[in-house]
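Read the structure below first, then the notes.
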Amino acid sequence: MSVCLEHNFELDLIAQELKKIKAKRILVQLPEGFRICINLITQKLREHIGEDLEILYSLNPAYGPCLVDEYGANEVGADVIIHFGHVEYPFYRPSTKTMFIPVEFQAIDVDKVRSLLNTICKENTRVCLVSTSQHIKLCKRLEEVINKCQVIYKGVVYGCTTSDTENCDILVVVAGGRFSCLSQYLTLLKKEHNLTVYCLDPYANTLWDPKEEIRKILSTRIWKIHEALNKQRWLIVIGFYGQSRNELVKLLVNKLRERGFDVSVAKVLKIDRESLLNLGSSFDVVVIASCPYLAFDFYDLDIPVLTIGEALMIINGDMSRYIYPW
Ligand code: SF4
């Protein structure tokens with residue numbers, strides 16, 4: 001089955017809402033993996049609403065719900081933005097009316113996932129689940145069908161938000177790929193806890209222990225932090241919308257300047273390797289204040305590229321605990 005048919009874009013519900021608010025023009029935003037479904041979305045919305053609705057697509061970044069294309073919507077005069085693939089980000093409310101559609105993965109083999117979870121499920125153990133937006137219903141179903149231990153769904157998490165781990169013995173991050181689980185593990189390092197963390201990928205039907213991968217990530221990150229110590233010229237890169245983080249950036253700029261460092265700030269919608277390479281040798285350290293995990297992608301550049309949390313470790317002179325994301 002194709003990716004488009006395996007996921008629920010909730011087009012009936014969207015059509016009902018658009019009719020209700022008499023929308024004339026919409027801007028549709030999809031994460032890259034769902035952009036192959038653009039034709040299907042257009043066709044289904046046309047079937048429900050007809051030709052009067054003008055549908056425009058945004059191809060600007062949509063990595064998370066922190067990046068709702070408000071600018072694009074204003075430019076084209078959209079009545080509403082349909083943002084697929086995420087639920088609303090807790091730290092940001094777009095100024096344009098936005099419908100967040102989680103896009104549930106429907107082709108799940110619940111029995112396989114249940115068997116995987118049963119391997120770590122013991123009597124009197126509380127297994128907490130957190131997930132990306134695609135697996136909310138699956139997690140709620142798992143709460144019902146697993147009786148060997150207590151399963152509690154704690155909700156959706158992002159790569160920069162921390163799970164609620166109260167009353168949990170084990171935390172299972174239900175998500176495709178590795179990023180969501182690894183970043184969730186990293187956010188927990190700044191808390192005192194005795195949790196065991198597992199990663200469950202319901203696309204690949206795998207359950208794995210992230211400790212070894214985290215150990216490698218941390219050794220690289222500590223090396224990068226040490227490279228940045230006492231460097232003079234710092235560039236802080238801020239993003240748009242929910243990736244602006246003005247208060248944190250102000251704090252960083254002030255603290256770095258108090259220590260006598262030179263600090264510049266750059267704003268960018270999408271940061272990539274070329275943009276950083278084009279800076280040449282103008283800066284000694286770059287801090288990515290937009291999406292924290294991006295700093296990890298640039299580990300092999302000549303200059304250290306840090307997260308906000310890593311920069312704060314340097315500013316506070318405290319290397320005893322790794323801070324992620326800030
Ligand atoms: S900042 Fe990054 S990790 Fe956080 S919600 Fe946005 S895209 Fe996801």
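Residues are named by chain letter and number: chains run A, B, ... in the order of the structure tokens, numbers start at 1 in each chain, and ligands are numbered from 1 in the order shown.
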Environment of ligand 1 within 10 Å, counting only C-alpha atoms and all ligand atoms, reported as number ranges by chain
A: 61-68, 86-92, 157-161, 179-180, 183-184, 239, 241-245, 289-294, 325
Residues from last step as file, N, CA, C and O atoms, as a compact mmCIF listing (two decimals), in the first residue's frame:
```
# COMPACT_ATOMS: atom_id res chain seq x y z
N PRO A 61 9.73 24.74 4.82
CA PRO A 61 9.95 23.65 5.79
C PRO A 61 8.74 23.42 6.70
O PRO A 61 8.08 24.37 7.13
N ALA A 62 8.48 22.14 6.98
CA ALA A 62 7.39 21.78 7.89
C ALA A 62 7.87 20.61 8.77
O ALA A 62 7.17 19.64 8.96
N TYR A 63 9.09 20.75 9.28
CA TYR A 63 9.68 19.66 10.08
C TYR A 63 8.88 19.38 11.34
O TYR A 63 8.89 18.27 11.86
N GLY A 64 8.25 20.43 11.87
CA GLY A 64 7.49 20.26 13.10
C GLY A 64 6.36 21.27 13.15
O GLY A 64 6.26 22.15 12.29
N PRO A 65 5.52 21.20 14.20
CA PRO A 65 4.40 22.14 14.33
C PRO A 65 4.88 23.52 14.76
O PRO A 65 4.08 24.44 14.91
N CYS A 66 6.20 23.64 14.97
CA CYS A 66 6.81 24.93 15.29
C CYS A 66 6.94 25.78 14.03
O CYS A 66 7.25 26.96 14.11
N LEU A 67 6.74 25.16 12.86
CA LEU A 67 6.95 25.87 11.59
C LEU A 67 5.64 25.90 10.78
O LEU A 67 5.50 25.19 9.79
N VAL A 68 4.70 26.67 11.24
CA VAL A 68 3.46 26.84 10.47
C VAL A 68 3.70 28.01 9.52
O VAL A 68 4.14 29.08 9.96
N HIS A 86 1.31 16.85 12.33
CA HIS A 86 1.65 17.18 13.73
C HIS A 86 0.41 17.65 14.49
O HIS A 86 -0.54 18.11 13.87
N VAL A 87 0.48 17.56 15.81
CA VAL A 87 -0.50 18.26 16.64
C VAL A 87 0.16 19.56 17.11
O VAL A 87 1.37 19.73 16.95
N GLU A 88 -0.65 20.45 17.67
CA GLU A 88 -0.14 21.80 17.97
C GLU A 88 1.06 21.76 18.94
O GLU A 88 1.09 20.97 19.88
N TYR A 89 2.03 22.62 18.68
CA TYR A 89 3.24 22.75 19.50
C TYR A 89 2.90 23.54 20.76
O TYR A 89 2.27 24.60 20.67
N PRO A 90 3.29 23.06 21.93
CA PRO A 90 2.86 23.76 23.16
C PRO A 90 3.46 25.16 23.34
O PRO A 90 2.94 25.95 24.11
N PHE A 91 4.55 25.49 22.62
CA PHE A 91 5.22 26.77 22.88
C PHE A 91 4.92 27.82 21.81
O PHE A 91 5.62 28.84 21.73
N TYR A 92 3.94 27.58 20.96
CA TYR A 92 3.75 28.53 19.85
C TYR A 92 2.34 28.41 19.29
O TYR A 92 1.85 27.31 19.07
N VAL A 157 5.03 13.71 21.95
CA VAL A 157 6.24 14.48 22.26
C VAL A 157 6.94 14.85 20.96
O VAL A 157 6.78 14.19 19.94
N TYR A 158 7.73 15.91 21.06
CA TYR A 158 8.57 16.33 19.93
C TYR A 158 10.02 16.21 20.33
O TYR A 158 10.34 15.99 21.50
N GLY A 159 10.89 16.43 19.36
CA GLY A 159 12.32 16.30 19.63
C GLY A 159 12.87 17.35 20.58
O GLY A 159 14.03 17.30 20.96
N CYS A 160 12.03 18.31 20.96
CA CYS A 160 12.51 19.34 21.88
C CYS A 160 11.57 19.49 23.07
O CYS A 160 11.65 20.47 23.79
N THR A 161 10.63 18.56 23.25
CA THR A 161 9.76 18.62 24.44
C THR A 161 10.05 17.38 25.29
O THR A 161 10.50 16.36 24.77
N PHE A 179 15.28 9.57 15.37
CA PHE A 179 15.40 10.92 15.91
C PHE A 179 14.53 11.16 17.15
O PHE A 179 15.01 11.64 18.18
N SER A 180 13.24 10.81 17.08
CA SER A 180 12.32 11.15 18.19
C SER A 180 12.74 10.46 19.47
O SER A 180 12.70 11.04 20.55
N SER A 183 16.21 11.86 20.81
CA SER A 183 16.11 13.19 21.39
C SER A 183 15.33 13.13 22.71
O SER A 183 15.64 13.86 23.65
N GLN A 184 14.35 12.23 22.79
CA GLN A 184 13.61 12.09 24.05
C GLN A 184 14.54 11.61 25.17
O GLN A 184 14.50 12.10 26.29
N GLY A 239 15.46 30.80 14.24
CA GLY A 239 14.55 30.41 13.16
C GLY A 239 13.34 31.33 13.10
O GLY A 239 13.33 32.41 13.69
N TYR A 241 8.93 31.75 13.34
CA TYR A 241 7.73 31.24 14.01
C TYR A 241 8.06 30.63 15.38
O TYR A 241 8.72 31.27 16.19
N GLY A 242 7.68 29.37 15.59
CA GLY A 242 7.94 28.72 16.88
C GLY A 242 9.41 28.41 17.10
O GLY A 242 9.80 27.93 18.18
N GLN A 243 10.25 28.65 16.11
CA GLN A 243 11.69 28.42 16.28
C GLN A 243 12.43 29.73 16.54
O GLN A 243 13.64 29.79 16.40
N SER A 244 11.70 30.79 16.92
CA SER A 244 12.36 32.08 17.17
C SER A 244 13.06 32.10 18.53
O SER A 244 14.17 32.57 18.64
N ARG A 245 12.39 31.65 19.57
CA ARG A 245 12.95 31.53 20.93
C ARG A 245 13.64 32.81 21.40
O ARG A 245 14.79 32.80 21.85
N ALA A 289 19.75 27.98 17.45
CA ALA A 289 18.68 28.21 18.42
C ALA A 289 17.31 27.86 17.82
O ALA A 289 16.29 28.04 18.47
N SER A 290 17.29 27.35 16.60
CA SER A 290 16.00 27.02 15.97
C SER A 290 15.56 25.62 16.38
O SER A 290 14.87 25.44 17.37
N CYS A 291 15.99 24.58 15.64
CA CYS A 291 15.66 23.20 16.03
C CYS A 291 16.93 22.56 16.62
O CYS A 291 17.94 22.45 15.92
N PRO A 292 16.89 22.15 17.88
CA PRO A 292 18.13 21.74 18.55
C PRO A 292 18.85 20.57 17.88
O PRO A 292 20.08 20.56 17.84
N TYR A 293 18.08 19.64 17.35
CA TYR A 293 18.73 18.43 16.83
C TYR A 293 19.59 18.73 15.59
O TYR A 293 20.48 17.96 15.25
N LEU A 294 19.29 19.87 14.92
CA LEU A 294 20.05 20.22 13.71
C LEU A 294 21.54 20.35 13.98
O LEU A 294 22.36 20.04 13.12
N PRO A 325 17.07 20.17 25.44
CA PRO A 325 17.63 21.01 24.37
C PRO A 325 18.10 22.36 24.88
O PRO A 325 18.89 23.00 24.23
```
Polymer residues at most 9 Å from A:Gly155, only C-alpha atoms, same-chain spacing of 3 or more positions, as a ChimeraX atom specification:
/A:129-133,136,139,163-164
Restricting the calculation to only C-alpha atoms, which member of A:Glu274, A:Leu279, A:Leu251, A:Leu59 is positioned closest to A:Leu312?
A:Leu251
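Proximity to A:Ala78 was assessed for A:Val28, A:Ile120, A:Ile315, A:Ala266 counting only C-alpha atoms; the smallest distance is recorded for A:Val28.
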I need the alpha helix (DSSP H) residues of stretch 24-194 of chain A per DSSP on the backbone, written as an MDAnalysis selection string.
chainID A and resid 38:49 70:76 110:118 136:145 179:188
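Omitting A:Val76 and its sequence neighbours fewer than 6 positions away, and counting only C-alpha atoms, the residues within 9 Å are Arg25, Ile26, Leu27 and Leu56 of chain A.
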Could you write out that same residue set with C-alpha atoms as a compact mmCIF listing (two decimals), in the first residue's frame?
```
# COMPACT_ATOMS: atom_id res chain seq x y z
CA ARG A 25 -8.60 29.78 -0.14
CA ILE A 26 -6.42 27.46 1.92
CA LEU A 27 -2.69 26.90 2.29
CA LEU A 56 -2.34 26.22 -2.51
```
